[in-house]
file run32.cif (mmCIF, C-alpha atoms)
data_upload
loop_
_atom_site.label_atom_id
_atom_site.label_comp_id
_atom_site.auth_asym_id
_atom_site.auth_seq_id
_atom_site.Cartn_x
_atom_site.Cartn_y
_atom_site.Cartn_z
CA MET A 1 -0.75 39.17 -7.46
CA PHE A 2 -3.31 39.25 -4.71
CA ILE A 3 -4.41 35.88 -3.44
CA CYS A 4 -7.35 35.63 -1.16
CA VAL A 5 -6.76 33.10 1.59
CA ASP A 6 -8.77 33.27 4.75
CA ASP A 7 -7.35 32.69 8.21
CA ASP A 8 -8.95 29.26 8.51
CA GLN A 9 -7.14 28.05 5.41
CA LEU A 10 -3.85 29.48 6.67
CA ASP A 11 -4.44 27.86 10.06
CA ASN A 12 -5.00 24.50 8.43
CA VAL A 13 -1.76 24.76 6.45
CA PHE A 14 0.41 25.88 9.35
CA LYS A 15 -1.17 23.37 11.72
CA ALA A 16 -0.59 20.60 9.21
CA LEU A 17 3.05 21.62 9.00
CA SER A 18 3.50 21.79 12.76
CA ASP A 19 4.46 18.15 13.17
CA PRO A 20 7.74 16.53 12.09
CA MET A 21 6.05 13.30 11.07
CA ARG A 22 3.66 15.13 8.77
CA ARG A 23 6.50 17.13 7.25
CA ARG A 24 8.36 13.88 6.59
CA ILE A 25 5.30 12.34 4.98
CA LEU A 26 5.16 15.37 2.66
CA ASP A 27 8.90 15.05 1.88
CA ARG A 28 8.39 11.43 0.86
CA LEU A 29 5.27 12.10 -1.18
CA ALA A 30 7.12 14.93 -2.95
CA LYS A 31 9.91 12.51 -3.79
CA ARG A 32 7.58 9.74 -4.92
CA PRO A 33 4.02 10.83 -5.74
CA GLY A 34 1.11 8.40 -5.64
CA GLN A 35 1.57 6.22 -2.56
CA SER A 36 -0.97 4.08 -0.74
CA LEU A 37 -1.37 4.16 3.04
CA PHE A 38 0.45 0.82 3.19
CA GLU A 39 3.41 2.18 1.22
CA ILE A 40 3.62 5.33 3.34
CA CYS A 41 3.67 3.18 6.49
CA ALA A 42 6.34 0.91 5.03
CA SER A 43 8.61 3.74 3.96
CA SER A 44 8.12 5.54 7.30
CA PHE A 45 9.34 2.42 9.00
CA ALA A 46 12.24 1.96 6.58
CA GLU A 47 13.45 5.54 6.70
CA ASP A 48 12.70 6.58 10.26
CA GLY A 49 13.49 3.25 11.85
CA ARG A 50 10.43 3.50 14.01
CA SER A 51 6.99 2.42 13.10
CA LEU A 52 3.86 4.41 13.68
CA SER A 53 0.54 2.66 13.64
CA ARG A 54 -1.50 2.81 10.45
CA GLN A 55 -4.14 4.57 12.49
CA THR A 56 -1.70 7.37 13.42
CA ILE A 57 -0.41 7.79 9.87
CA SER A 58 -3.97 7.75 8.57
CA GLN A 59 -4.84 10.61 10.95
CA HIS A 60 -1.79 12.58 9.78
CA LEU A 61 -2.89 12.08 6.18
CA ASP A 62 -6.41 13.29 6.98
CA MET A 63 -4.99 16.48 8.42
CA LEU A 64 -2.71 17.02 5.42
CA GLU A 65 -5.64 16.36 3.11
CA ARG A 66 -7.83 18.89 4.93
CA ALA A 67 -5.10 21.50 4.45
CA GLY A 68 -5.00 20.65 0.76
CA LEU A 69 -1.36 19.58 1.01
CA VAL A 70 -2.23 16.01 0.07
CA GLN A 71 -4.46 15.16 -2.87
CA THR A 72 -5.84 11.69 -3.39
CA HIS A 73 -6.74 9.76 -6.49
CA ARG A 74 -7.55 6.15 -7.25
CA SER A 75 -5.29 3.68 -8.92
CA GLY A 76 -7.56 0.74 -9.56
CA ARG A 77 -9.30 0.29 -6.23
CA THR A 78 -6.45 1.71 -4.15
CA LYS A 79 -6.40 5.23 -2.76
CA MET A 80 -3.15 7.00 -3.63
CA HIS A 81 -1.74 10.11 -1.97
CA THR A 82 0.20 12.89 -3.66
CA PHE A 83 1.79 16.09 -2.38
CA ASP A 84 0.28 19.35 -3.64
CA ASN A 85 2.31 22.48 -2.94
CA ALA A 86 -0.44 24.91 -3.99
CA PRO A 87 -1.47 25.67 -0.39
CA LEU A 88 2.18 26.50 0.41
CA ARG A 89 2.31 28.97 -2.48
CA LYS A 90 -0.94 30.51 -1.33
CA ALA A 91 0.31 30.75 2.27
CA ALA A 92 3.49 32.38 1.01
CA ALA A 93 1.60 34.85 -1.17
CA ALA A 94 -0.95 35.65 1.50
CA TRP A 95 1.33 36.02 4.50
CA LEU A 96 4.93 34.77 4.45
CA ASN A 97 6.15 36.80 1.51
CA LYS A 98 5.24 40.14 2.91
CA HIS A 99 7.73 39.55 5.70
CA LEU A 100 10.33 37.98 3.48
CA ARG A 101 10.56 40.75 0.92
CA LYS A 102 13.50 42.88 1.84
CA GLY A 103 12.55 46.41 2.71
CA SER A 104 8.94 45.86 1.96
CA ALA A 105 6.57 47.99 3.92
CA THR A 106 3.23 46.55 4.71
CA MET B 1 0.55 -26.87 17.52
CA LYS B 2 1.40 -25.99 13.94
CA ILE B 3 0.10 -23.51 11.41
CA TYR B 4 -0.89 -25.86 8.63
CA ILE B 5 -3.23 -23.69 6.57
CA MET B 6 -3.97 -20.04 5.90
CA SER B 7 -6.49 -18.63 3.47
CA VAL B 8 -7.05 -15.85 1.00
CA PHE B 9 -10.60 -15.04 -0.05
CA VAL B 10 -10.82 -15.25 -3.83
CA ASP B 11 -13.59 -13.95 -6.08
CA ASP B 12 -13.44 -16.98 -8.35
CA GLN B 13 -11.81 -20.28 -7.42
CA ALA B 14 -11.11 -21.39 -11.00
CA LYS B 15 -9.50 -18.09 -11.85
CA ALA B 16 -7.55 -18.17 -8.59
CA LEU B 17 -6.32 -21.69 -9.24
CA ASN B 18 -5.00 -20.59 -12.60
CA PHE B 19 -3.28 -17.53 -11.16
CA TYR B 20 -1.76 -19.19 -8.11
CA THR B 21 -0.43 -22.19 -10.06
CA GLU B 22 0.29 -20.94 -13.61
CA LYS B 23 1.66 -17.53 -12.65
CA LEU B 24 2.92 -17.85 -9.10
CA GLY B 25 4.05 -21.46 -9.55
CA PHE B 26 2.37 -23.08 -6.55
CA ILE B 27 1.09 -26.66 -6.80
CA VAL B 28 -2.31 -28.05 -5.89
CA LYS B 29 -2.38 -29.97 -2.62
CA ASN B 30 -6.10 -30.55 -2.21
CA ASP B 31 -8.96 -30.06 -4.61
CA ILE B 32 -12.12 -31.54 -3.13
CA PRO B 33 -15.64 -30.70 -4.34
CA LEU B 34 -17.63 -29.09 -1.56
CA GLY B 35 -21.16 -28.14 -2.56
CA ASP B 36 -21.00 -25.16 -4.91
CA HIS B 37 -17.32 -24.69 -4.18
CA ARG B 38 -14.12 -26.64 -3.66
CA TRP B 39 -11.75 -27.26 -0.78
CA LEU B 40 -8.86 -25.94 -2.80
CA THR B 41 -5.39 -25.60 -1.34
CA VAL B 42 -1.99 -24.94 -2.87
CA VAL B 43 1.55 -25.28 -1.53
CA SER B 44 4.93 -24.00 -2.57
CA LYS B 45 7.06 -26.29 -4.74
CA GLU B 46 9.89 -25.41 -2.39
CA ALA B 47 7.92 -26.72 0.61
CA PRO B 48 5.29 -29.26 -0.53
CA GLU B 49 4.82 -30.38 3.08
CA GLY B 50 4.70 -26.82 4.35
CA THR B 51 1.82 -24.50 5.16
CA GLU B 52 -1.09 -24.74 2.73
CA LEU B 53 -2.85 -21.76 1.24
CA LEU B 54 -6.61 -22.19 1.02
CA LEU B 55 -8.20 -20.39 -1.93
CA GLU B 56 -11.41 -19.67 -0.09
CA PRO B 57 -14.66 -18.49 -1.72
CA SER B 58 -15.60 -14.84 -1.04
CA GLU B 59 -19.34 -15.34 -0.73
CA HIS B 60 -19.76 -14.48 2.99
CA PRO B 61 -21.21 -10.95 3.23
CA ALA B 62 -18.37 -9.76 5.48
CA VAL B 63 -15.71 -10.66 2.94
CA GLY B 64 -16.53 -7.96 0.35
CA PRO B 65 -16.13 -5.00 2.72
CA TYR B 66 -13.06 -6.60 4.33
CA LYS B 67 -11.31 -7.09 1.01
CA SER B 68 -12.18 -3.72 -0.46
CA SER B 69 -11.07 -1.88 2.71
CA LEU B 70 -7.70 -3.60 2.58
CA VAL B 71 -7.25 -2.88 -1.12
CA ASN B 72 -8.33 0.74 -0.57
CA ASP B 73 -5.40 1.25 1.80
CA GLY B 74 -3.03 -0.87 -0.28
CA ILE B 75 -2.74 -3.55 2.42
CA PRO B 76 -1.81 -7.06 1.26
CA ALA B 77 -4.00 -10.03 2.20
CA ALA B 78 -1.02 -12.40 2.21
CA SER B 79 2.73 -12.30 2.03
CA PHE B 80 5.08 -14.72 0.27
CA LYS B 81 8.83 -14.96 0.72
CA VAL B 82 11.21 -15.08 -2.23
CA ASP B 83 15.00 -15.44 -2.47
CA ASP B 84 15.45 -12.82 -5.17
CA LEU B 85 12.79 -10.14 -5.35
CA GLU B 86 14.07 -8.40 -8.49
CA LYS B 87 14.14 -11.69 -10.38
CA GLU B 88 10.65 -12.67 -9.25
CA PHE B 89 9.34 -9.18 -10.00
CA GLU B 90 10.66 -9.35 -13.58
CA ARG B 91 9.41 -12.91 -14.07
CA LEU B 92 5.87 -12.08 -12.92
CA ARG B 93 5.74 -8.80 -14.78
CA HIS B 94 6.54 -10.64 -18.00
CA LEU B 95 3.64 -12.97 -17.23
CA GLY B 96 1.36 -9.95 -17.13
CA VAL B 97 1.02 -9.70 -13.34
CA GLU B 98 0.14 -6.15 -12.33
CA PHE B 99 2.31 -4.72 -9.55
CA THR B 100 0.77 -1.98 -7.46
CA GLN B 101 4.09 -1.41 -5.76
CA GLU B 102 7.46 -2.00 -7.35
CA PRO B 103 10.30 -3.39 -5.21
CA MET B 104 11.19 -1.02 -2.38
CA ASP B 105 13.16 -1.10 0.85
CA ALA B 106 11.12 -1.50 4.01
CA GLY B 107 13.58 -1.77 6.88
CA PRO B 108 14.80 -5.34 7.26
CA VAL B 109 13.13 -6.48 4.03
CA ARG B 110 12.66 -5.53 0.41
CA MET B 111 9.12 -5.87 -0.78
CA ALA B 112 6.75 -5.48 -3.68
CA VAL B 113 2.97 -5.80 -4.00
CA PHE B 114 0.87 -7.18 -6.84
CA ASP B 115 -2.80 -7.71 -7.62
CA ASP B 116 -3.96 -11.34 -7.75
CA ARG B 117 -6.97 -10.39 -9.92
CA CYS B 118 -9.17 -12.22 -7.42
CA GLY B 119 -9.70 -9.20 -5.19
CA ASN B 120 -6.47 -9.25 -3.19
CA LEU B 121 -3.16 -7.52 -3.01
CA ILE B 122 -0.27 -9.90 -2.36
CA GLN B 123 3.08 -8.95 -0.93
CA LEU B 124 6.42 -10.45 -1.95
CA VAL B 125 9.22 -10.16 0.55
CA GLU B 126 12.94 -10.73 0.34
CA MET B 127 14.78 -10.74 3.64
CA ALA B 128 17.62 -8.24 3.44
CA GLU B 129 19.83 -10.56 5.48
CA GLY B 130 20.26 -14.29 5.47
CA ARG B 131 20.02 -14.86 1.74
#

call {"tool": "encode", "arguments": {"input": "run32.cif", "output": "structure tokens"}}
result
Amino acid sequence: MFICVDDDQLDNVFKALSDPMRRRILDRLAKRPGQSLFEICASSFAEDGRSLSRQTISQHLDMLERAGLVQTHRSGRTKMHTFDNAPLRKAAAAWLNKHLRKGSAT
Amino acid sequence: MKIYIMSVFVDDQAKALNFYTEKLGFIVKNDIPLGDHRWLTVVSKEAPEGTELLLEPSEHPAVGPYKSSLVNDGIPAASFKVDDLEKEFERLRHLGVEFTQEPMDAGPVRMAVFDDRCGNLIQLVEMAEGR
């Protein structure tokens, strides 16, 4: 299957993944979808033992959202965040896989 | 100097009074008519002489944006301490209180968050130690 992903989209995905805090946020959202900013901050503090400011976490979320890795929806009046792995699949199909397939010639 | 009063901005004082007393179990400390509104404070049964919570009208133009921004990010407007979070969570849920966050660990505390139906999220906290 050929998937068309331009370099900008790939850049956004790889840039979003290039920070341990953002990867951890994704891990937690994958484990428990639909979390508010407040909940993400609280669980970051609980699980990492260090607290980042809401401002910092909010910026991380913006970057993940731009890359399409985080989708948001509303629960009542609260904005909830959920992990979406579609951009990872696209990045794999568009670039990673061609180097992962054994013996594949490009 | 002592902290004797804190407030939450409520959309409707009558509705808030009902929620904070009937559901949460606080008792009225002061209820004084004040123009269109009331000076309405509640205290915990466990600490009737303790800090009062003022159920303050939301009519100032800054209050709407303030409250909705907090709710948007899931941030509680006030936090109350309980001895047994699971028990309180079950009790309130049976009374029809809507939790936006079920009990979870948050470092030195366990916490949950519910909607007071007056425009605020409220946090319940159980200290992990010292019970």

call {"tool": "residues_around", "arguments": {"input": "run32.cif", "residues": "Gly107 in chain B", "least_positions_apart": "3", "cutoff": "12 Å", "atoms": "all atoms listed in the file", "output": "PDB file with C-alpha atoms, keeping the file's coordinate frame"}}
result
ATOM      1  CA  CYS A  41       3.670   3.180   6.490  1.00  0.00           C
ATOM      2  CA  ALA A  42       6.340   0.910   5.030  1.00  0.00           C
ATOM      3  CA  SER A  43       8.610   3.740   3.960  1.00  0.00           C
ATOM      4  CA  SER A  44       8.120   5.540   7.300  1.00  0.00           C
ATOM      5  CA  PHE A  45       9.340   2.420   9.000  1.00  0.00           C
ATOM      6  CA  ALA A  46      12.240   1.960   6.580  1.00  0.00           C
ATOM      7  CA  GLU A  47      13.450   5.540   6.700  1.00  0.00           C
ATOM      8  CA  ASP A  48      12.700   6.580  10.260  1.00  0.00           C
ATOM      9  CA  GLY A  49      13.490   3.250  11.850  1.00  0.00           C
ATOM     10  CA  ARG A  50      10.430   3.500  14.010  1.00  0.00           C
ATOM     11  CA  SER A  51       6.990   2.420  13.100  1.00  0.00           C
TER      12      SER A  51
ATOM     13  CA  MET B 104      11.190  -1.020  -2.380  1.00  0.00           C
ATOM     14  CA  ARG B 110      12.660  -5.530   0.410  1.00  0.00           C
ATOM     15  CA  MET B 111       9.120  -5.870  -0.780  1.00  0.00           C
ATOM     16  CA  VAL B 125       9.220 -10.160   0.550  1.00  0.00           C
ATOM     17  CA  GLU B 126      12.940 -10.730   0.340  1.00  0.00           C
ATOM     18  CA  MET B 127      14.780 -10.740   3.640  1.00  0.00           C
ATOM     19  CA  ALA B 128      17.620  -8.240   3.440  1.00  0.00           C
ATOM     20  CA  GLU B 129      19.830 -10.560   5.480  1.00  0.00           C
TER      21      GLU B 129
END

call {"tool": "interface_residues", "arguments": {"input": "run32.cif", "of": "chain B", "to": "chain A", "cutoff": "8 Å", "atoms": "all atoms listed in the file", "output": "list in words"}}
result
Ser68, Val71, Asn72, Asp73, Gly74, Ile75, Gln101, Asp105, Ala106, Gly107 and Pro108 of chain B

call {"tool": "atom_distance", "arguments": {"input": "run32.cif", "atom1": "CA of Ser69 in chain B", "atom2": "CA of Leu64 in chain A"}}
result
20.8 Å

call {"tool": "atom_distance", "arguments": {"input": "run32.cif", "atom1": "CA of Pro33 in chain B", "atom2": "CA of Phe9 in chain B"}}
result
17.0 Å

call {"tool": "residues_around", "arguments": {"input": "run32.cif", "residues": "Asp36 in chain B", "least_positions_apart": "5", "cutoff": "12 Å", "atoms": "only C-alpha atoms", "output": "JSON, numbers by chain"}}
result
{"B": [12, 13, 57, 59]}

call {"tool": "residues_around", "arguments": {"input": "run32.cif", "residues": "His60 in chain B", "least_positions_apart": "5", "cutoff": "12 Å", "atoms": "only C-alpha atoms", "output": "PyMOL selection string"}}
result
chain B and resi 9-11+65-67

call {"tool": "atom_distance", "arguments": {"input": "run32.cif", "atom1": "CA of Val97 in chain B", "atom2": "CA of Asp115 in chain B"}}
result
7.2 Å

call {"tool": "resolve_selection", "arguments": {"input": "run32.cif", "expression": "the PyMOL selection byres ((chain B and resi 27) around 7)", "output": "list in words"}}
result
Thr21, Gly25, Phe26, Val28, Lys29, Val42, Val43, Ser44 and Lys45 of chain B

call {"tool": "build_atoms", "arguments": {"input": "run32.cif", "residues": "range 46-61 of chain B", "atoms": "N, CA and C atoms", "output": "CSV table (one decimal), in the frame of the given file"}}
result
chain,number,residue,atom,x,y,z
B,46,GLU,N,8.7,-25.4,-3.2
B,46,GLU,CA,9.9,-25.4,-2.4
B,46,GLU,C,9.6,-26.0,-1.0
B,47,ALA,N,8.3,-26.1,-0.7
B,47,ALA,CA,7.9,-26.7,0.6
B,47,ALA,C,6.6,-27.4,0.5
B,48,PRO,N,6.6,-28.6,-0.3
B,48,PRO,CA,5.3,-29.3,-0.5
B,48,PRO,C,4.6,-29.8,0.7
B,49,GLU,N,5.4,-29.9,1.8
B,49,GLU,CA,4.8,-30.4,3.1
B,49,GLU,C,4.6,-29.2,4.0
B,50,GLY,N,4.8,-28.0,3.5
B,50,GLY,CA,4.7,-26.8,4.4
B,50,GLY,C,3.3,-26.3,4.5
B,51,THR,N,3.1,-25.1,4.9
B,51,THR,CA,1.8,-24.5,5.2
B,51,THR,C,1.0,-24.4,3.8
B,52,GLU,N,-0.2,-24.8,3.9
B,52,GLU,CA,-1.1,-24.7,2.7
B,52,GLU,C,-1.8,-23.4,2.7
B,53,LEU,N,-2.1,-23.0,1.4
B,53,LEU,CA,-2.8,-21.8,1.2
B,53,LEU,C,-4.2,-22.2,0.7
B,54,LEU,N,-5.2,-21.9,1.4
B,54,LEU,CA,-6.6,-22.2,1.0
B,54,LEU,C,-7.1,-21.1,0.2
B,55,LEU,N,-7.6,-21.4,-1.0
B,55,LEU,CA,-8.2,-20.4,-1.9
B,55,LEU,C,-9.7,-20.4,-1.6
B,56,GLU,N,-10.1,-19.6,-0.7
B,56,GLU,CA,-11.4,-19.7,-0.1
B,56,GLU,C,-12.4,-18.8,-0.8
B,57,PRO,N,-13.6,-19.3,-1.0
B,57,PRO,CA,-14.7,-18.5,-1.7
B,57,PRO,C,-15.0,-17.2,-0.9
B,58,SER,N,-15.4,-16.2,-1.7
B,58,SER,CA,-15.6,-14.8,-1.0
B,58,SER,C,-17.1,-14.6,-0.7
B,59,GLU,N,-17.9,-15.6,-0.7
B,59,GLU,CA,-19.3,-15.3,-0.7
B,59,GLU,C,-19.9,-14.8,0.6
B,60,HIS,N,-19.2,-15.0,1.7
B,60,HIS,CA,-19.8,-14.5,3.0
B,60,HIS,C,-19.9,-13.0,2.9
B,61,PRO,N,-21.0,-12.4,3.4
B,61,PRO,CA,-21.2,-11.0,3.2
B,61,PRO,C,-20.1,-10.1,3.9
